[in-house]
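Here's the structure we're looking at; comments come further down.
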Amino acid sequence: MKKIFLSIISIAAISMVHAQETISPAPAQAGTIALAHATIHIGNGEVIEDGLIIFSNGKITDVRKYSPVENVKTIDCTGKQIYPGLISPVSNLGLDEVSAVPSTLDQYELGDINPNVRSVIAYNTDSKVIDNVRSNGILLANVFPQGGIISGSTSVMQLDGWNWEDAVYKMDGGIVFNMPNLFRFSTEGDPVKDAMDQIENVRTFFRQAKAYLDEPKHEHTNLKFEAVKKLFSGEQTFFVNADLVKEMMIAVSFAKEFGFKTVIVGGYDSWKIADYLKQNNISVIINQVFSLPGFQDDDVDMPYKMPFLLQQAGVPFCISDPNESSRYRNLAFNAGVASGYGLTKEQALQAITLSTAKILGIDNRTGSLEKGKDANIVVSDGDILDIRTSNITAAYIQGRQINLDNKQKQLYKKFMDKYGLK
C-alpha cells in the first residue's frame with residue numbers, strides 16, 4: 001500500500017511539473033536599446049543618478065549620466081533601479097527538479113572520487129525552477145554536482161537557453177571537493193580518523209594525477225586524471241566545502257602543495273582565520289546569511305555579520321543562498337541582511353555580482369555594468385536587496401529581454417481571475 005501511495009505522489013508531482021506552461025528562450029537582441037532616467041548601480045560601488053545605459057548586440061556600449069541619444073530605442077525607467085544580473089555561486093539548478101521524485105534528479109553519481117563527472121551536460125534548461133529563480137534577478141548560476149568526496153566539475157550557466165550548449169557561460173570552471181567533516185560524534189570507531197583517511201586518499205589521488213600529467217605520453221588514458229589537468233594549470237578553481245578551522249587549513253595545505261586556485265565554500269569559521277586565508281589568497285563563498293549560529297557560544301548575529309568581518313579583513317568573498325527549500329531565490333535578500341550588519345548597500349550588492357564574478361573567473365564578461373561587458377541587466381521598481389520593495393520588472397541576458405513569468409505568477413493570475421479580483 002505504501003508503494004502504491006508513493007507512486008501516486010510521484011506521478012502527481014511529475015504531472016504538476018509538465019503541466020506548467022513552457023516559456024521559450026528570448027531571441028537575440030535586435031537593434032540598440034537604451035534604458036534612461038534610472039538610478040544605475042554599476043556593481044563596483046559606483047551609483048549613477050538619472051543614468052543612461054546603452055547596449056547593442058548583447059554588449060554594453062555606454063553607461064553615463066543621462067543625455068539625449070538619437071536613433072536608439074529608448075525605454076523610460078524613471079523611478080526605477082538598474083542592477084547587474086545577480087549571480088548564484090553555488091546551486092543545483094537544472095539538476096534537481098522535484099526532490100521527492102528520483103527520476104527528476106541528476107546531481108549524484110556513485111563512487112567517492114569522480115572529477116570526470118560534468119554538471120554541464122546534465123543541466124536541464126526546461127526546469128521550471130529556473131523560471132522562479134530568474135524572476136528574482138538571478139541571471140547566472142554556478143551549477144555544482146554533488147555526492148562522493150570529489151563530486152565533479154562545476155559550470156556557470158546563464159538562465160535562458162534551449163539546451164545546455166546554449167546556456168553554458170563558463171564550462172567546467174571548477175572541481176568540487178567535499179571535505180569530510182572533522183566534527184563528528186560516534187559510539188563506534190573513530191570518525192575523525194576515518195575522515196582523515198579519506199582526506200589522505202584524496203591527497204594521494206592528486207599526487208598520482210600530477211605524476212600522470214607530468215608524463216609526456218600515456219599508453220592508456222585515465223579519465224579521472226585528465227579531468228583535473230586544468231586544476232594544476234590554474235585554469236580551474238578548487239571548490240572546497242568546509243566550515244571548521246581545521247577543515248579550511250587542510251584545504252589551504254592542498255592549495256600550497258598542488259598550487260590550486262582554492263575557494264572555500266561555506267567557511268562558517270573563516271572569520272577566525274581571516275588573516276591566514278588572506279595571506280594564502282583563499283576566497284570564501286559564504287553559504288547562508290539567513291541562519292542560526294553554528295555553536296552555542298557564537299554571537300547570535302554571527303551569520304549576519306560574517307560578510308562584514310571578511311570585508312574588514314580583506315578576504316575576497318561573495319554571498320550564496322544554498323537553501324534548497326527556497327531554491328536560491330533569496331540570494332539578494334541574504335545580501336540585504338548583510339547590509340544591515342556592517343556592509344554598505346553597494347558592498348552587499350557587489351557580494352552577489354562583481355565579487356562573485358571574480359571568484360568564478362567571469363568578471364571580464366559580467367558582474368558589473370561597464371562598457372564592453374555582457375548586457376546582463378536587471379530593472380527593479382525598488383531596492384533589489386529589500387524583500388519589501390524588490391519587484392523585478394525587466395531583465396536582459398546578453399541583451400535579450402527574458403520572460404519573467406513563472407508558475408507562481410500564473411497561479412496568482414489564475415485565481416485572481418477566478419474570483420474577479422484585480
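Each chain in the C-alpha cells gets a letter, A, B and so on, in the order shown; residues start at 1 in every chain, and ligands are counted from 1 in the order they appear.
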
Every residue of region 224-384 of chain A that DSSP places in alpha helix (DSSP H), as an NGL selection string: :A and (224-227 or 229-233 or 245-258 or 274-279 or 302-313 or 331-338 or 345-350 or 354-360)

So which residues touch region 109-115 of chain A within 7 Å, counting only C-alpha atoms, skipping near sequence neighbours fewer than 3 positions away, as a PDB file with C-alpha atoms, in the first residue's frame?
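Just written: around.pdb:
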```pdb
ATOM      1  CA  GLY A 147      27.888  13.223  -3.910  1.00  0.00           C
ATOM      2  CA  GLY A 148      31.144  11.496  -3.018  1.00  0.00           C
ATOM      3  CA  ILE A 149      34.284  13.303  -1.904  1.00  0.00           C
ATOM      4  CA  ILE A 150      35.230  14.743  -5.286  1.00  0.00           C
ATOM      5  CA  SER A 151      31.883  15.334  -6.996  1.00  0.00           C
ATOM      6  CA  GLY A 152      32.973  16.553 -10.426  1.00  0.00           C
ATOM      7  CA  SER A 153      33.153  19.815 -12.348  1.00  0.00           C
ATOM      8  CA  ILE A 175      36.223  20.872  -9.309  1.00  0.00           C
ATOM      9  CA  LYS A 224      39.870  10.941 -13.827  1.00  0.00           C
ATOM     10  CA  ALA A 227      39.703  15.724 -15.664  1.00  0.00           C
ATOM     11  CA  VAL A 228      41.891  17.577 -13.126  1.00  0.00           C
TER      12      VAL A 228
END
```

Wanna dump the region 277-361 of chain A-region 40-61 of chain A contacts at 8 Å for me, each residue with its shortest atom pair and the distance in Å to one decimal, counting only C-alpha atoms, ordered by chain and number, as CSV?
```
residue,atom,partner,partner_atom,distance
A:Glu346,CA,A:Gly45,CA,5.1
A:Gln347,CA,A:Gly45,CA,6.5
A:Leu349,CA,A:Gly43,CA,6.5
A:Gln350,CA,A:Gly43,CA,5.3
A:Thr353,CA,A:Gly43,CA,6.5
A:Leu354,CA,A:Gly43,CA,6.1
```

Every residue of region 58-195 of chain A that DSSP places in strand (DSSP E), as number ranges by chain: A: 59-65, 73-76, 81-84, 86-91, 138-143, 150-158, 168-178

Residues from last step as file, N, CA and C atoms, as a tab-separated table (two decimals), in the first residue's frame:
```tsv
chain	number	residue	atom	x	y	z
A	59	LYS	N	26.08	43.53	-25.85
A	59	LYS	CA	27.17	44.14	-25.10
A	59	LYS	C	26.79	45.57	-24.67
A	60	ILE	N	27.28	45.97	-23.51
A	60	ILE	CA	27.07	47.33	-23.03
A	60	ILE	C	28.03	48.25	-23.79
A	61	THR	N	27.46	49.29	-24.39
A	61	THR	CA	28.28	50.22	-25.18
A	61	THR	C	28.52	51.54	-24.47
A	62	ASP	N	27.67	51.87	-23.50
A	62	ASP	CA	27.87	53.13	-22.77
A	62	ASP	C	27.06	53.13	-21.48
A	63	VAL	N	27.63	53.71	-20.44
A	63	VAL	CA	26.94	53.92	-19.16
A	63	VAL	C	27.35	55.30	-18.68
A	64	ARG	N	26.37	56.19	-18.47
A	64	ARG	CA	26.72	57.56	-18.10
A	64	ARG	C	25.52	58.27	-17.50
A	65	LYS	N	25.75	59.49	-17.08
A	65	LYS	CA	24.67	60.38	-16.69
A	65	LYS	C	23.81	60.63	-17.92
A	73	LYS	N	16.34	53.02	-29.64
A	73	LYS	CA	15.12	52.69	-28.89
A	73	LYS	C	15.39	52.97	-27.41
A	74	THR	N	14.67	53.98	-26.90
A	74	THR	CA	14.91	54.40	-25.52
A	74	THR	C	13.71	54.06	-24.64
A	75	ILE	N	13.98	53.39	-23.53
A	75	ILE	CA	12.93	52.99	-22.59
A	75	ILE	C	13.06	53.86	-21.35
A	76	ASP	N	11.97	54.57	-21.01
A	76	ASP	CA	11.98	55.45	-19.85
A	76	ASP	C	11.88	54.62	-18.57
A	81	GLN	N	15.33	51.24	-10.48
A	81	GLN	CA	16.71	50.94	-10.14
A	81	GLN	C	17.24	49.89	-11.13
A	82	ILE	N	18.44	50.12	-11.62
A	82	ILE	CA	19.05	49.18	-12.56
A	82	ILE	C	20.30	48.57	-11.92
A	83	TYR	N	20.40	47.24	-12.02
A	83	TYR	CA	21.48	46.49	-11.38
A	83	TYR	C	22.12	45.52	-12.37
A	84	PRO	N	23.35	45.07	-12.09
A	84	PRO	CA	23.89	43.94	-12.85
A	84	PRO	C	23.07	42.69	-12.52
A	86	LEU	N	22.21	39.28	-11.07
A	86	LEU	CA	22.76	38.61	-9.90
A	86	LEU	C	23.32	37.25	-10.30
A	87	ILE	N	24.31	36.79	-9.54
A	87	ILE	CA	24.99	35.52	-9.84
A	87	ILE	C	24.93	34.62	-8.62
A	88	SER	N	24.38	33.43	-8.79
A	88	SER	CA	24.34	32.44	-7.71
A	88	SER	C	25.60	31.58	-7.80
A	89	PRO	N	26.50	31.66	-6.81
A	89	PRO	CA	27.78	30.95	-6.93
A	89	PRO	C	27.72	29.46	-6.65
A	90	VAL	N	26.66	29.00	-5.95
A	90	VAL	CA	26.51	27.58	-5.63
A	90	VAL	C	25.04	27.20	-5.79
A	91	SER	N	24.76	26.25	-6.67
A	91	SER	CA	23.36	25.82	-6.85
A	91	SER	C	23.34	24.45	-7.51
A	138	ILE	N	18.19	36.77	-10.60
A	138	ILE	CA	19.36	35.91	-10.72
A	138	ILE	C	19.45	35.42	-12.17
A	139	LEU	N	20.47	35.86	-12.87
A	139	LEU	CA	20.58	35.57	-14.30
A	139	LEU	C	21.67	34.56	-14.63
A	140	LEU	N	22.58	34.32	-13.69
A	140	LEU	CA	23.65	33.34	-13.88
A	140	LEU	C	23.76	32.48	-12.64
A	141	ALA	N	24.12	31.20	-12.83
A	141	ALA	CA	24.27	30.30	-11.69
A	141	ALA	C	25.43	29.35	-11.94
A	142	ASN	N	26.22	29.14	-10.90
A	142	ASN	CA	27.30	28.15	-10.95
A	142	ASN	C	26.73	26.83	-10.45
A	143	VAL	N	26.64	25.84	-11.34
A	143	VAL	CA	25.94	24.59	-11.04
A	143	VAL	C	26.94	23.55	-10.53
A	150	ILE	N	35.03	13.84	-4.15
A	150	ILE	CA	35.23	14.74	-5.29
A	150	ILE	C	34.06	14.52	-6.22
A	151	SER	N	33.18	15.51	-6.32
A	151	SER	CA	31.88	15.33	-7.00
A	151	SER	C	31.96	15.49	-8.51
A	152	GLY	N	32.90	16.30	-9.00
A	152	GLY	CA	32.97	16.55	-10.43
A	152	GLY	C	33.17	18.02	-10.70
A	153	SER	N	32.88	18.44	-11.94
A	153	SER	CA	33.15	19.82	-12.35
A	153	SER	C	31.90	20.68	-12.33
A	154	THR	N	32.10	21.95	-11.98
A	154	THR	CA	31.03	22.94	-12.00
A	154	THR	C	31.06	23.70	-13.32
A	155	SER	N	29.92	24.27	-13.68
A	155	SER	CA	29.85	25.16	-14.85
A	155	SER	C	28.90	26.31	-14.56
A	156	VAL	N	29.27	27.48	-15.04
A	156	VAL	CA	28.39	28.65	-14.91
A	156	VAL	C	27.42	28.65	-16.08
A	157	MET	N	26.12	28.74	-15.75
A	157	MET	CA	25.07	28.72	-16.78
A	157	MET	C	24.29	30.03	-16.75
A	158	GLN	N	23.96	30.55	-17.93
A	158	GLN	CA	23.03	31.68	-17.97
A	158	GLN	C	21.62	31.10	-18.07
A	168	VAL	N	25.42	27.44	-21.48
A	168	VAL	CA	26.71	27.45	-20.80
A	168	VAL	C	27.40	28.80	-20.96
A	169	TYR	N	27.90	29.30	-19.84
A	169	TYR	CA	28.57	30.61	-19.81
A	169	TYR	C	30.07	30.43	-19.56
A	170	LYS	N	30.40	29.52	-18.66
A	170	LYS	CA	31.79	29.10	-18.47
A	170	LYS	C	31.77	27.61	-18.16
A	171	MET	N	32.37	26.83	-19.03
A	171	MET	CA	32.29	25.37	-18.93
A	171	MET	C	33.40	24.80	-18.07
A	172	ASP	N	33.01	23.87	-17.17
A	172	ASP	CA	33.96	23.12	-16.34
A	172	ASP	C	34.96	24.05	-15.65
A	173	GLY	N	34.42	25.06	-14.98
A	173	GLY	CA	35.27	26.07	-14.36
A	173	GLY	C	35.89	25.66	-13.04
A	174	GLY	N	35.38	24.59	-12.42
A	174	GLY	CA	35.92	24.21	-11.12
A	174	GLY	C	35.67	22.75	-10.80
A	175	ILE	N	36.39	22.24	-9.81
A	175	ILE	CA	36.22	20.87	-9.31
A	175	ILE	C	35.78	20.96	-7.85
A	176	VAL	N	34.77	20.16	-7.47
A	176	VAL	CA	34.20	20.21	-6.12
A	176	VAL	C	34.80	19.13	-5.24
A	177	PHE	N	35.32	19.57	-4.07
A	177	PHE	CA	35.86	18.67	-3.06
A	177	PHE	C	35.02	18.83	-1.80
A	178	ASN	N	34.32	17.76	-1.41
A	178	ASN	CA	33.52	17.78	-0.19
A	178	ASN	C	34.38	17.31	0.97
```

Of the listed residues A:Thr221, A:Asn364, A:Ser283, A:Asn132, that which approaches Asp405 (chain A) most closely, counting only C-alpha atoms: A:Asn132
